[in-house]
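**Student:** Pasting a structure below so you can have a look.
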There are 2 protein chains.
Amino acid sequence: MDRRQRKTRNAIFDAFTQLLSKKSFNSITVGEIIEIADIGRATFYAHFETKDFLLKELCRELFCHIFDAKEGNIGHRHIFECEAPDSVFLHLFMHLQKNDNHILDLLSCNNNELFLSYFQNELEHLIEDQNELFESEKTKNLPKDFVIKHISSTFVSTLKWWIKHKQEYSVQTVYTYFLSIIK
Amino acid sequence: MDRRQRKTRNAIFDAFTQLLSKKSFNSITVGEIIEIADIGRATFYAHFETKDFLLKELCRELFCHIFDAKEGNIGHRHIFECEAPDSVFLHLFMHLQKNDNHILDLLSCNNNELFLSYFQNELEHLIEDQNELFESEKTKNLPKDFVIKHISSTFVSTLKWWIKHKQEYSVQTVYTYFLSIIK
DNA sequence: TCATAACCGAACATATTGTTCTATATTATA
DNA sequence: TATAATATAGAACAATATGTTCGGTTATGA
């Protein structure tokens with residue numbers, strides 16, 4: 001990709017996330033974005049058709065490096081495949097705590113619901129491949145897609161709770177809480 | 001409340017829900033609403049400050065009669081307080097299945113996330129008073145607000161799943177699934 | 001170096017928002 | 001029923017936002 005394109009794209013993403021931390025998605029205008037990103041109006045529309053597409057692209061960009069384990073990313077594959085399946089979730093918590101790409105900031109802002117639904121959606125694909133999760137005493141008689149929804153929504157709900165209490169609880173503790181509910 | 005106000009208010013709600021079933025919240029304009037509701041522009045703004053307030057009011061109107069048990073509604077208090085605590089959830093499922101006020105339609109449309117977050121919020125208040133839920137072997141050592149979030153999000157996730165499979169599963173079955181996860 | 005492609009920025013038509021105004025119709029109530 | 005209060009219609013309005021077009025400029029990659 002052309003370096004100019006990359007720069008423009010990043011400038012838009014930065015301006016957008018900056019605005020998202022301050023005001024609601026609906027009240028953000030294209031005018032504000034291009035002013036902060038310091039780019040031309042036509043340039044914005046050359047990159048993104050609408051504000052909604054911009055959001056979708058941002059989510060994809062943010063979460064793909066967390067969820068691309070299946071695609072063969074070496075670093076991630078190692079972690080996801082070489083340890084016990086349970087620790088996929090622990091790894092996710094730790095990954096989020098590192099706050100790469102300021103993901104946790106976005107998940108903590110007032111517009112977090114926007115991202116969490118995308119996040120949960122990606123998470124479902126990950127859970128689908130963890131066969132052990134569907135063989136426990138508790139889940140083996142339930143429809144698979146029901147269990148997937150259950151675990152992914154429990155993870156997200158735990159994450160939301162943790163965001164509110166980041167100062168008080170360690171990753172390990174939250175992970176323990178999560179497991180005690182899932183098991 | 002003035003009969004004229006009631007009529008206008010309902011006309012707006014009807015037009016709004018009609019639009020919500022067809023297109024995304026963001027793409028709905030005030031112009032479309034007043035055209036379908038067949039009211040004057042100034043009248044709309046006399047009732048609702050913005051589209052967001054309209055949504056909030058709609059949610060309140062929709063869910064209050066389900067969640068007003070605490071306020072002393074006779075019919076509901078009977079059901080909520082006189083049976084085993086578990087059945088609060090069963091009652092909710094059955095209430096939803098009756099589809100009063102077309103709640104289930106709205107929870108099934110593409111904009112359902114808008115309503116489900118309000119729904120979950122109300123649900124949390126209800127759960128908070130069910131002391132039994134926090135005394136089980138599984139939950140007694142967990143923070144109370146964590147358990148509340150967990151149960152409410154599990155209910156909503158179960159509800160979402162059920163909406164997708166309304167034809168295939170009975171209320172009783174879904175309720176059983178829900179319990180087997182909560183317990 | 002050179003062809004290509006991205007960007008600027010201004011201008012533009014169009015659409016949406018939110019307000020203000022007067023005339024009219026409906027309501028509550030005395 | 002008569003009256004005062006109030007909700008609505010409808011049009012007009014400024015202000016803002018959207019999305020597109022265009023010619024000129026600048027950076028990129030080969």
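Note on naming: chains are A, B, ... as they come in the structure tokens, residues start from 1 per chain, ligands start from 1 in the order shown.
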Least-squares fit on all C-alpha atoms, paired in order: put chain B onto chain A and return it as a compact mmCIF listing (two decimals) with C-alpha atoms, in the first residue's frame.
**Tutor:**
# COMPACT_ATOMS: atom_id res chain seq x y z
CA MET B 1 0.08 0.14 0.04
CA ASP B 2 1.21 3.63 -0.93
CA ARG B 3 2.88 5.45 1.93
CA ARG B 4 0.56 8.42 1.39
CA GLN B 5 -2.45 6.16 1.73
CA ARG B 6 -1.09 4.65 4.93
CA LYS B 7 -0.44 8.06 6.43
CA THR B 8 -3.88 9.36 5.53
CA ARG B 9 -5.56 6.21 6.77
CA ASN B 10 -3.76 6.38 10.10
CA ALA B 11 -4.49 10.09 10.45
CA ILE B 12 -8.17 9.34 9.99
CA PHE B 13 -8.10 6.47 12.50
CA ASP B 14 -6.27 8.60 15.04
CA ALA B 15 -8.66 11.51 14.66
CA PHE B 16 -11.62 9.17 14.84
CA THR B 17 -10.51 7.35 18.00
CA GLN B 18 -9.64 10.68 19.56
CA LEU B 19 -13.18 11.88 18.91
CA LEU B 20 -14.72 8.60 20.08
CA SER B 21 -13.12 9.06 23.47
CA LYS B 22 -14.85 12.42 23.82
CA LYS B 23 -18.29 12.16 22.24
CA SER B 24 -20.83 9.68 20.95
CA PHE B 25 -20.42 8.04 17.58
CA ASN B 26 -23.64 9.55 16.28
CA SER B 27 -22.63 13.09 17.07
CA ILE B 28 -19.26 12.83 15.34
CA THR B 29 -19.24 14.45 11.89
CA VAL B 30 -17.01 13.88 8.91
CA GLY B 31 -16.13 17.55 9.12
CA GLU B 32 -14.64 17.10 12.58
CA ILE B 33 -12.66 14.07 11.53
CA ILE B 34 -11.01 15.72 8.53
CA GLU B 35 -10.24 18.82 10.54
CA ILE B 36 -8.39 16.88 13.23
CA ALA B 37 -6.81 14.51 10.72
CA ASP B 38 -5.89 17.58 8.70
CA ILE B 39 -6.82 16.14 5.34
CA GLY B 40 -9.03 17.18 2.46
CA ARG B 41 -12.69 16.33 2.33
CA ALA B 42 -12.44 14.43 -0.93
CA THR B 43 -9.56 12.42 0.51
CA PHE B 44 -11.70 11.13 3.33
CA TYR B 45 -14.37 9.91 0.96
CA ALA B 46 -11.70 8.31 -1.21
CA HIS B 47 -10.84 6.13 1.79
CA PHE B 48 -14.18 5.48 3.44
CA GLU B 49 -17.64 5.44 1.97
CA THR B 50 -19.37 6.37 5.22
CA LYS B 51 -18.73 6.80 8.93
CA ASP B 52 -20.09 3.31 9.52
CA PHE B 53 -17.57 1.76 7.16
CA LEU B 54 -14.84 3.67 8.93
CA LEU B 55 -15.91 2.12 12.21
CA LYS B 56 -16.01 -1.34 10.72
CA GLU B 57 -12.52 -0.96 9.26
CA LEU B 58 -11.19 0.35 12.54
CA CYS B 59 -12.53 -2.69 14.37
CA ARG B 60 -11.03 -5.04 11.84
CA GLU B 61 -7.67 -3.36 12.12
CA LEU B 62 -7.78 -3.36 15.91
CA PHE B 63 -8.83 -6.92 16.52
CA CYS B 64 -7.33 -8.83 13.63
CA HIS B 65 -3.90 -9.10 15.23
CA ILE B 66 -5.49 -10.58 18.31
CA PHE B 67 -7.69 -13.02 16.49
CA ASP B 68 -5.54 -13.97 13.55
CA ALA B 69 -4.12 -17.01 15.28
CA LYS B 70 -6.05 -19.25 12.92
CA GLU B 71 -4.52 -17.56 9.89
CA GLY B 72 -1.09 -18.81 10.84
CA ASN B 73 0.55 -15.97 12.71
CA ILE B 74 3.58 -17.63 14.28
CA GLY B 75 3.71 -15.77 17.57
CA HIS B 76 0.08 -16.28 18.25
CA ARG B 77 -0.23 -19.79 17.02
CA HIS B 78 2.37 -20.76 19.57
CA ILE B 79 0.38 -19.35 22.43
CA PHE B 80 -2.98 -20.50 21.23
CA GLU B 81 -2.11 -24.03 20.26
CA CYS B 82 0.71 -25.11 22.53
CA GLU B 83 -0.86 -24.50 25.89
CA ALA B 84 -3.96 -25.83 27.55
CA PRO B 85 -7.14 -24.61 25.85
CA ASP B 86 -8.25 -22.76 28.95
CA SER B 87 -5.37 -20.39 28.65
CA VAL B 88 -6.64 -18.98 25.40
CA PHE B 89 -8.84 -16.82 27.55
CA LEU B 90 -6.05 -16.02 29.96
CA HIS B 91 -3.92 -15.03 27.02
CA LEU B 92 -6.69 -12.76 25.75
CA PHE B 93 -6.95 -11.03 29.12
CA MET B 94 -3.20 -10.51 29.23
CA HIS B 95 -3.10 -9.33 25.66
CA LEU B 96 -5.77 -6.78 26.45
CA GLN B 97 -4.01 -5.65 29.58
CA LYS B 98 -0.92 -4.78 27.56
CA ASN B 99 -3.28 -2.40 25.78
CA ASP B 100 -1.71 -2.77 22.32
CA ASN B 101 -3.13 -0.27 19.86
CA HIS B 102 -5.00 1.32 22.76
CA ILE B 103 -7.65 -1.33 22.46
CA LEU B 104 -8.47 -1.17 26.13
CA ASP B 105 -8.92 2.58 25.92
CA LEU B 106 -11.53 2.14 23.22
CA LEU B 107 -13.21 -0.67 25.11
CA SER B 108 -13.34 1.63 28.13
CA CYS B 109 -14.80 4.71 26.45
CA ASN B 110 -18.46 5.58 26.29
CA ASN B 111 -18.75 4.09 22.83
CA ASN B 112 -17.41 0.74 23.95
CA GLU B 113 -20.57 -1.13 22.98
CA LEU B 114 -19.65 -0.40 19.36
CA PHE B 115 -16.43 -2.34 19.71
CA LEU B 116 -17.56 -5.02 22.07
CA SER B 117 -20.07 -6.44 19.63
CA TYR B 118 -17.35 -6.76 17.00
CA PHE B 119 -15.06 -8.23 19.60
CA GLN B 120 -17.61 -10.80 20.65
CA ASN B 121 -18.20 -11.75 17.05
CA GLU B 122 -14.53 -12.49 16.50
CA LEU B 123 -14.36 -14.32 19.78
CA GLU B 124 -17.08 -16.69 18.67
CA HIS B 125 -14.90 -17.99 15.84
CA LEU B 126 -12.12 -18.65 18.30
CA ILE B 127 -14.37 -20.50 20.71
CA GLU B 128 -15.85 -22.62 17.98
CA ASP B 129 -12.55 -24.44 17.55
CA GLN B 130 -12.03 -25.22 21.24
CA ASN B 131 -13.68 -28.62 21.26
CA GLU B 132 -13.05 -29.19 24.94
CA LEU B 133 -15.52 -26.47 25.78
CA PHE B 134 -18.40 -28.50 24.39
CA GLU B 135 -17.58 -31.77 26.09
CA SER B 136 -17.98 -30.83 29.73
CA GLU B 137 -20.72 -32.30 31.90
CA LYS B 138 -22.49 -28.99 31.84
CA THR B 139 -22.43 -28.21 28.14
CA LYS B 140 -22.39 -31.55 26.33
CA ASN B 141 -26.18 -31.73 26.08
CA LEU B 142 -26.68 -28.16 24.90
CA PRO B 143 -26.76 -26.92 21.28
CA LYS B 144 -23.28 -25.93 20.21
CA ASP B 145 -24.16 -22.44 18.94
CA PHE B 146 -25.93 -21.80 22.24
CA VAL B 147 -22.78 -22.65 24.17
CA ILE B 148 -20.68 -20.48 21.89
CA LYS B 149 -22.94 -17.51 22.50
CA HIS B 150 -22.91 -18.19 26.20
CA ILE B 151 -19.14 -18.35 26.56
CA SER B 152 -18.42 -15.39 24.33
CA SER B 153 -20.97 -13.20 26.06
CA THR B 154 -19.65 -14.27 29.44
CA PHE B 155 -16.15 -13.31 28.39
CA VAL B 156 -17.31 -9.92 27.18
CA SER B 157 -19.37 -9.32 30.29
CA THR B 158 -16.36 -10.27 32.43
CA LEU B 159 -14.21 -7.92 30.38
CA LYS B 160 -16.66 -5.06 30.86
CA TRP B 161 -16.72 -5.66 34.57
CA TRP B 162 -12.93 -5.80 34.71
CA ILE B 163 -12.61 -2.50 32.84
CA LYS B 164 -14.61 -0.86 35.60
CA HIS B 165 -12.35 -2.41 38.27
CA LYS B 166 -8.95 -2.41 36.58
CA GLN B 167 -7.28 -0.95 39.62
CA GLU B 168 -8.69 -3.44 42.10
CA TYR B 169 -8.29 -6.85 40.47
CA SER B 170 -5.38 -8.60 38.78
CA VAL B 171 -5.61 -10.46 35.51
CA GLN B 172 -5.19 -13.74 37.35
CA THR B 173 -8.09 -13.00 39.65
CA VAL B 174 -10.41 -11.98 36.86
CA TYR B 175 -9.44 -15.08 34.94
CA THR B 176 -10.25 -17.22 37.97
CA TYR B 177 -13.65 -15.57 38.27
CA PHE B 178 -14.28 -16.19 34.61
CA LEU B 179 -13.39 -19.88 34.88
CA SER B 180 -15.50 -20.45 37.96
CA ILE B 181 -18.51 -19.28 35.99
CA ILE B 182 -17.73 -21.13 32.80
CA LYS B 183 -16.96 -24.47 34.43
**Student:** Select, as a PyMOL selection string, those residues of chain C with any atom no more than 10 Å from chain B (distances computed using only C-alpha atoms (C1' of nucleotides)).
**Tutor:** chain C and resi 16-20+26-28
**Student:** Chain D residues within 9 Å of chain A, counting only C-alpha atoms (C1' of nucleotides): which ones, as a PyMOL selection string?
**Tutor:** chain D and resi 17-20+27-29
**Student:** Those residues you just picked out, can you put them in a file as a JSON list (two decimals), in the first residue's frame with C-alpha atoms (C1' of nucleotides)?
**Tutor:**
[["chain", "number", "residue", "atom", "x", "y", "z"],
["D", 17, "DA", "C1'", -23.66, 18.23, 7.39],
["D", 18, "DT", "C1'", -23.25, 15.30, 3.44],
["D", 19, "DG", "C1'", -21.32, 13.67, -0.63],
["D", 20, "DT", "C1'", -19.43, 14.94, -5.30],
["D", 27, "DA", "C1'", 4.69, 12.32, -3.47],
["D", 28, "DT", "C1'", 5.61, 7.55, -4.87],
["D", 29, "DG", "C1'", 7.52, 3.58, -7.01]]
**Student:** Have a look at D:DT26, D:DT16, D:DT21, D:DT3 and name the one nearest to DA13 of chain C; count only C-alpha atoms (C1' of nucleotides).
**Tutor:** D:DT21
**Student:** Taking only segment 97-155 of chain B into account, list the residues labelled alpha helix (DSSP H) by DSSP (computed from the backbone), as a tab-separated table (two decimals) with N, CA and C atoms, in the first residue's frame.
**Tutor:**
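Final output, result.tsv:
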chain	number	residue	atom	x	y	z
B	97	GLN	N	-42.58	-14.01	25.05
B	97	GLN	CA	-43.18	-14.82	23.99
B	97	GLN	C	-44.55	-14.30	23.60
B	98	LYS	N	-45.29	-13.79	24.58
B	98	LYS	CA	-46.60	-13.21	24.27
B	98	LYS	C	-46.46	-12.02	23.34
B	103	ILE	N	-42.66	-6.21	21.53
B	103	ILE	CA	-41.29	-6.14	22.05
B	103	ILE	C	-40.38	-7.11	21.32
B	104	LEU	N	-40.88	-8.32	21.14
B	104	LEU	CA	-40.05	-9.34	20.51
B	104	LEU	C	-39.69	-8.96	19.07
B	105	ASP	N	-40.60	-8.29	18.40
B	105	ASP	CA	-40.30	-7.83	17.04
B	105	ASP	C	-39.10	-6.89	17.05
B	106	LEU	N	-39.13	-5.96	18.00
B	106	LEU	CA	-38.02	-5.00	18.08
B	106	LEU	C	-36.73	-5.68	18.50
B	107	LEU	N	-36.85	-6.66	19.40
B	107	LEU	CA	-35.64	-7.37	19.82
B	107	LEU	C	-35.13	-8.28	18.71
B	108	SER	N	-35.95	-8.52	17.71
B	108	SER	CA	-35.54	-9.40	16.61
B	108	SER	C	-35.01	-8.63	15.41
B	112	ASN	N	-31.62	-4.54	17.09
B	112	ASN	CA	-31.94	-5.09	18.41
B	112	ASN	C	-30.92	-4.74	19.49
B	113	GLU	N	-29.66	-4.55	19.09
B	113	GLU	CA	-28.65	-4.23	20.10
B	113	GLU	C	-29.03	-2.96	20.87
B	114	LEU	N	-29.68	-2.04	20.18
B	114	LEU	CA	-30.13	-0.80	20.81
B	114	LEU	C	-31.02	-1.09	22.00
B	115	PHE	N	-31.93	-2.05	21.83
B	115	PHE	CA	-32.90	-2.34	22.88
B	115	PHE	C	-32.34	-3.28	23.93
B	116	LEU	N	-31.50	-4.20	23.47
B	116	LEU	CA	-31.01	-5.21	24.40
B	116	LEU	C	-30.16	-4.61	25.50
B	117	SER	N	-29.43	-3.55	25.21
B	117	SER	CA	-28.62	-2.96	26.27
B	117	SER	C	-29.51	-2.28	27.32
B	118	TYR	N	-30.58	-1.65	26.86
B	118	TYR	CA	-31.55	-1.11	27.82
B	118	TYR	C	-32.19	-2.24	28.62
B	119	PHE	N	-32.56	-3.28	27.91
B	119	PHE	CA	-33.20	-4.42	28.55
B	119	PHE	C	-32.32	-5.00	29.64
B	120	GLN	N	-31.05	-5.21	29.29
B	120	GLN	CA	-30.12	-5.78	30.26
B	120	GLN	C	-29.99	-4.89	31.48
B	121	ASN	N	-29.97	-3.60	31.24
B	121	ASN	CA	-29.84	-2.65	32.33
B	121	ASN	C	-30.99	-2.78	33.33
B	122	GLU	N	-32.19	-2.87	32.80
B	122	GLU	CA	-33.36	-3.04	33.66
B	122	GLU	C	-33.30	-4.37	34.40
B	123	LEU	N	-32.87	-5.37	33.66
B	123	LEU	CA	-32.79	-6.72	34.22
B	123	LEU	C	-31.87	-6.75	35.44
B	124	GLU	N	-30.81	-5.98	35.38
B	124	GLU	CA	-29.85	-5.97	36.48
B	124	GLU	C	-30.51	-5.56	37.80
B	125	HIS	N	-31.41	-4.59	37.74
B	125	HIS	CA	-32.10	-4.17	38.96
B	125	HIS	C	-32.93	-5.30	39.53
B	126	LEU	N	-33.54	-6.05	38.62
B	126	LEU	CA	-34.39	-7.16	39.04
B	126	LEU	C	-33.56	-8.25	39.71
B	127	ILE	N	-32.42	-8.55	39.13
B	127	ILE	CA	-31.56	-9.61	39.63
B	127	ILE	C	-31.00	-9.24	41.01
B	128	GLU	N	-30.71	-7.99	41.15
B	128	GLU	CA	-30.09	-7.50	42.38
B	128	GLU	C	-30.88	-7.90	43.62
B	144	LYS	N	-20.55	-9.32	44.11
B	144	LYS	CA	-21.97	-9.32	43.75
B	144	LYS	C	-22.23	-8.67	42.39
B	145	ASP	N	-21.62	-7.52	42.13
B	145	ASP	CA	-21.89	-6.84	40.85
B	145	ASP	C	-21.38	-7.66	39.67
B	146	PHE	N	-20.35	-8.47	39.94
B	146	PHE	CA	-19.86	-9.37	38.89
B	146	PHE	C	-20.90	-10.42	38.56
B	147	VAL	N	-21.51	-10.98	39.58
B	147	VAL	CA	-22.53	-12.01	39.38
B	147	VAL	C	-23.76	-11.42	38.67
B	148	ILE	N	-24.12	-10.22	39.06
B	148	ILE	CA	-25.26	-9.56	38.43
B	148	ILE	C	-25.02	-9.41	36.93
B	149	LYS	N	-23.85	-8.91	36.59
B	149	LYS	CA	-23.50	-8.74	35.17
B	149	LYS	C	-23.53	-10.09	34.45
B	150	HIS	N	-23.01	-11.07	35.12
B	150	HIS	CA	-22.94	-12.40	34.51
B	150	HIS	C	-24.33	-12.94	34.20
B	151	ILE	N	-25.21	-12.89	35.18
B	151	ILE	CA	-26.55	-13.47	34.99
B	151	ILE	C	-27.36	-12.67	33.97
B	152	SER	N	-27.28	-11.36	34.06
B	152	SER	CA	-28.05	-10.55	33.12
B	152	SER	C	-27.55	-10.74	31.70
B	153	SER	N	-26.25	-10.81	31.52
B	153	SER	CA	-25.73	-10.97	30.16
B	153	SER	C	-26.02	-12.37	29.64
B	154	THR	N	-26.05	-13.36	30.55
B	154	THR	CA	-26.40	-14.70	30.12
B	154	THR	C	-27.86	-14.77	29.69
B	155	PHE	N	-28.71	-14.07	30.43
B	155	PHE	CA	-30.12	-14.04	30.04
B	155	PHE	C	-30.28	-13.42	28.65
